[in-house]
>>> print(open('start_27.cif').read())   # mmCIF, C-alpha atoms and all ligand atoms; chains and numbers go by the auth columns
data_work
#
loop_
_atom_site.group_PDB
_atom_site.id
_atom_site.type_symbol
_atom_site.label_atom_id
_atom_site.label_comp_id
_atom_site.label_asym_id
_atom_site.label_seq_id
_atom_site.Cartn_x
_atom_site.Cartn_y
_atom_site.Cartn_z
_atom_site.B_iso_or_equiv
_atom_site.auth_seq_id
_atom_site.auth_asym_id
ATOM 1 C CA MET A 1 53.756 145.084 48.806 0.00 423 A
ATOM 2 C CA SER A 2 52.104 143.299 51.718 0.00 424 A
ATOM 3 C CA LEU A 3 53.976 140.429 53.357 0.00 425 A
ATOM 4 C CA LEU A 4 51.479 137.850 52.083 0.00 426 A
ATOM 5 C CA LYS A 5 51.642 139.234 48.549 0.00 427 A
ATOM 6 C CA THR A 6 55.435 139.347 48.779 0.00 428 A
ATOM 7 C CA LEU A 7 55.675 135.730 49.878 0.00 429 A
ATOM 8 C CA PHE A 8 53.269 134.574 47.160 0.00 430 A
ATOM 9 C CA ALA A 9 54.491 136.755 44.330 0.00 431 A
ATOM 10 C CA ASN A 10 52.917 136.386 40.899 0.00 432 A
ATOM 11 C CA CYS A 11 54.804 136.406 37.602 0.00 433 A
ATOM 12 C CA ARG A 12 54.532 140.179 37.210 0.00 434 A
ATOM 13 C CA ASP A 13 55.900 140.702 40.706 0.00 435 A
ATOM 14 C CA VAL A 14 58.785 138.350 39.965 0.00 436 A
ATOM 15 C CA THR A 15 59.939 140.369 36.953 0.00 437 A
ATOM 16 C CA PHE A 16 60.101 143.411 39.257 0.00 438 A
ATOM 17 C CA LEU A 17 61.779 141.402 42.023 0.00 439 A
ATOM 18 C CA HIS A 18 64.305 140.055 39.530 0.00 440 A
ATOM 19 C CA GLN A 19 65.442 143.585 38.764 0.00 441 A
ATOM 20 C CA LYS A 20 65.699 144.369 42.482 0.00 442 A
ATOM 21 C CA GLN A 21 67.659 141.166 42.992 0.00 443 A
ATOM 22 C CA ARG A 22 70.113 142.199 40.244 0.00 444 A
ATOM 23 C CA GLU A 23 70.639 145.474 42.101 0.00 445 A
ATOM 24 C CA GLY A 24 71.065 143.700 45.448 0.00 446 A
ATOM 25 C CA LYS A 25 68.007 145.416 46.911 0.00 447 A
ATOM 26 C CA LEU A 26 65.763 142.465 47.807 0.00 448 A
ATOM 27 C CA SER A 27 64.450 142.315 51.340 0.00 449 A
ATOM 28 C CA PHE A 28 64.474 138.981 53.165 0.00 450 A
ATOM 29 C CA ALA A 29 60.739 138.445 52.548 0.00 451 A
ATOM 30 C CA GLU A 30 61.078 139.438 48.884 0.00 452 A
ATOM 31 C CA SER A 31 63.962 137.015 48.491 0.00 453 A
ATOM 32 C CA ILE A 32 61.865 134.168 49.885 0.00 454 A
ATOM 33 C CA GLY A 33 58.878 135.053 47.685 0.00 455 A
ATOM 34 C CA TYR A 34 61.114 135.362 44.632 0.00 456 A
ATOM 35 C CA ARG A 35 62.816 132.007 45.200 0.00 457 A
ATOM 36 C CA LEU A 36 59.568 130.272 46.149 0.00 458 A
ATOM 37 C CA HIS A 37 57.913 131.444 42.932 0.00 459 A
ATOM 38 C CA LEU A 38 60.847 130.257 40.853 0.00 460 A
ATOM 39 C CA LEU A 39 60.543 126.783 42.369 0.00 461 A
ATOM 40 C CA TYR A 40 57.216 126.188 40.634 0.00 462 A
ATOM 41 C CA CYS A 41 57.086 128.660 37.730 0.00 463 A
ATOM 42 C CA LYS A 42 58.900 127.420 34.651 0.00 464 A
ATOM 43 C CA VAL A 43 57.983 130.554 32.652 0.00 465 A
ATOM 44 C CA CYS A 44 59.717 132.897 35.120 0.00 466 A
ATOM 45 C CA ARG A 45 62.771 130.648 35.283 0.00 467 A
ATOM 46 C CA LEU A 46 62.945 130.826 31.485 0.00 468 A
ATOM 47 C CA PHE A 47 62.445 134.618 31.543 0.00 469 A
ATOM 48 C CA ILE A 48 65.262 135.048 34.067 0.00 470 A
ATOM 49 C CA HIS A 49 67.561 132.728 32.148 0.00 471 A
ATOM 50 C CA GLN A 50 66.936 134.644 28.919 0.00 472 A
ATOM 51 C CA SER A 51 67.370 138.011 30.662 0.00 473 A
ATOM 52 C CA GLU A 52 70.729 136.902 32.017 0.00 474 A
ATOM 53 C CA GLN A 53 71.803 135.684 28.567 0.00 475 A
ATOM 54 C CA ILE A 54 70.863 139.045 27.038 0.00 476 A
ATOM 55 C CA GLU A 55 72.755 140.918 29.781 0.00 477 A
ATOM 56 C CA LYS A 56 75.837 138.770 29.150 0.00 478 A
ATOM 57 C CA CYS A 57 75.654 139.418 25.396 0.00 479 A
ATOM 58 C CA VAL A 58 75.266 143.170 25.877 0.00 480 A
ATOM 59 C CA HIS A 59 78.108 143.270 28.401 0.00 481 A
ATOM 60 C CA HIS A 60 80.329 141.172 26.133 0.00 482 A
ATOM 61 C CA SER A 61 79.442 143.313 23.124 0.00 483 A
ATOM 62 C CA ASN A 62 80.156 146.551 24.991 0.00 484 A
ATOM 63 C CA SER A 63 83.513 145.383 26.330 0.00 485 A
ATOM 64 C CA LYS A 64 84.502 144.011 22.913 0.00 486 A
ATOM 65 C CA HIS A 65 83.739 147.235 21.059 0.00 487 A
ATOM 66 C CA LYS A 66 85.661 149.379 23.492 0.00 488 A
ATOM 67 C CA SER A 67 88.980 147.840 22.491 0.00 489 A
ATOM 68 C CA GLU A 68 88.431 147.375 18.761 0.00 490 A
ATOM 69 C CA LEU A 69 89.635 150.763 17.539 0.00 491 A
ATOM 70 C CA SER A 70 93.169 151.895 18.223 0.00 492 A
ATOM 71 C CA ALA A 71 93.912 155.543 18.879 0.00 493 A
ATOM 72 C CA ASP A 72 95.517 155.769 15.438 0.00 494 A
ATOM 73 C CA ALA A 73 92.418 154.316 13.774 0.00 495 A
ATOM 74 C CA LYS A 74 90.221 156.809 15.629 0.00 496 A
ATOM 75 C CA ILE A 75 92.354 159.736 14.400 0.00 497 A
ATOM 76 C CA LYS A 76 92.180 158.467 10.807 0.00 498 A
ATOM 77 C CA MET A 77 88.432 158.039 11.083 0.00 499 A
ATOM 78 C CA GLN A 78 88.010 161.534 12.540 0.00 500 A
ATOM 79 C CA ARG A 79 90.080 163.022 9.701 0.00 501 A
ATOM 80 C CA ALA A 80 88.024 161.159 7.110 0.00 502 A
ATOM 81 C CA LEU A 81 84.820 162.427 8.713 0.00 503 A
ATOM 82 C CA ASP A 82 86.194 165.969 8.860 0.00 504 A
ATOM 83 C CA ASN A 83 87.090 165.782 5.154 0.00 505 A
ATOM 84 C CA GLU A 84 83.595 164.550 4.286 0.00 506 A
ATOM 85 C CA MET A 85 81.994 167.350 6.293 0.00 507 A
ATOM 86 C CA GLN A 86 83.879 170.122 4.419 0.00 508 A
HETATM 87 ZN ZN ZN B . 56.050 133.093 37.180 0.00 601 B
#
>>> encode(input="start_27.cif", output="structure tokens")
Amino acid sequence: MSLLKTLFANCRDVTFLHQKQREGKLSFAESIGYRLHLLYCKVCRLFIHQSEQIEKCVHHSNSKHKSELSADAKIKMQRALDNEMQ
């Protein structure tokens, strides 16, 4: 991306820059272009807000499901599955 295009990013660029920002890979110029765009673009601010909400839900859902089944419950479930497969 050229410096001018980076500084005056469009909405499509910002979705890409948002992902780079999440990974901590934005250059200084990209960071300025990203933040500048978000100052005046309500649609991209909404997109980023919704993306962050979805990421939080997925993260929360993943961490919640990891601790739901005890080791004993997993063994019982595996036995039940084994019995059904025979
Ligand atoms: Zn935008």
>>> closest_residue(input="start_27.cif", among="A:Asn432, A:Gln508, A:Gln500, A:Ser424", to="Leu458 (chain A)", atoms="all atoms listed in the file")
A:Asn432
>>> closest_residue(input="start_27.cif", among="A:Leu468, A:Ala495, A:Ile454, A:Val480", to="Leu425 (chain A)", atoms="only C-alpha atoms")
A:Ile454
>>> closest_residue(input="start_27.cif", among="A:Met507, A:Leu426, A:Val436, A:Ala431", to="Phe469 (chain A)", atoms="all atoms listed in the file")
A:Val436
>>> atom_distance(input="start_27.cif", atom1="CA of Leu439 (chain A)", atom2="CA of Gly455 (chain A)")
9.0 Å
>>> closest_atom_pairs(input="start_27.cif", of="chain A", to="ligand ZN 601 (chain B)", cutoff="7 Å", atoms="all atoms listed in the file", output="Markdown table")
| residue | atom | partner | partner_atom | distance |
| --- | --- | --- | --- | --- |
| A:Asn432 | CA | B:ZN601 | ZN | 5.9 |
| A:Cys433 | CA | B:ZN601 | ZN | 3.6 |
| A:Val436 | CA | B:ZN601 | ZN | 6.5 |
| A:His459 | CA | B:ZN601 | ZN | 6.3 |
| A:Leu460 | CA | B:ZN601 | ZN | 6.7 |
| A:Cys463 | CA | B:ZN601 | ZN | 4.6 |
| A:Lys464 | CA | B:ZN601 | ZN | 6.8 |
| A:Val465 | CA | B:ZN601 | ZN | 5.5 |
| A:Cys466 | CA | B:ZN601 | ZN | 4.2 |
>>> write_last_selection(input="start_27.cif", atoms="C-alpha atoms", output="compact mmCIF listing (two decimals), keeping the file's coordinate frame")
# COMPACT_ATOMS: atom_id res chain seq x y z
CA ASN A 432 52.92 136.39 40.90
CA CYS A 433 54.80 136.41 37.60
CA VAL A 436 58.78 138.35 39.97
CA HIS A 459 57.91 131.44 42.93
CA LEU A 460 60.85 130.26 40.85
CA CYS A 463 57.09 128.66 37.73
CA LYS A 464 58.90 127.42 34.65
CA VAL A 465 57.98 130.55 32.65
CA CYS A 466 59.72 132.90 35.12
>>> closest_residue(input="start_27.cif", among="A:Asp504, A:Tyr456, A:Ala451, A:Ser483", to="Ile470 (chain A)", atoms="only C-alpha atoms")
A:Tyr456
>>> resolve_selection(input="start_27.cif", expression="the PyMOL selection byres (((chain A and resi 441-444) around 12) and not hetatm)", output="list of chain:residue names")
A:Arg434, A:Asp435, A:Val436, A:Thr437, A:Phe438, A:Leu439, A:His440, A:Glu445, A:Gly446, A:Lys447, A:Leu448, A:Ser449, A:Phe450, A:Glu452, A:Ser453, A:Ile454, A:Gly455, A:Tyr456, A:Arg457, A:Phe469, A:Ile470, A:Ser473, A:Glu474, A:Glu477
>>> atom_distance(input="start_27.cif", atom1="CA of Leu429 (chain A)", atom2="CA of Leu461 (chain A)")
12.7 Å
>>> atom_distance(input="start_27.cif", atom1="CA of Arg467 (chain A)", atom2="CA of Thr428 (chain A)")
17.7 Å
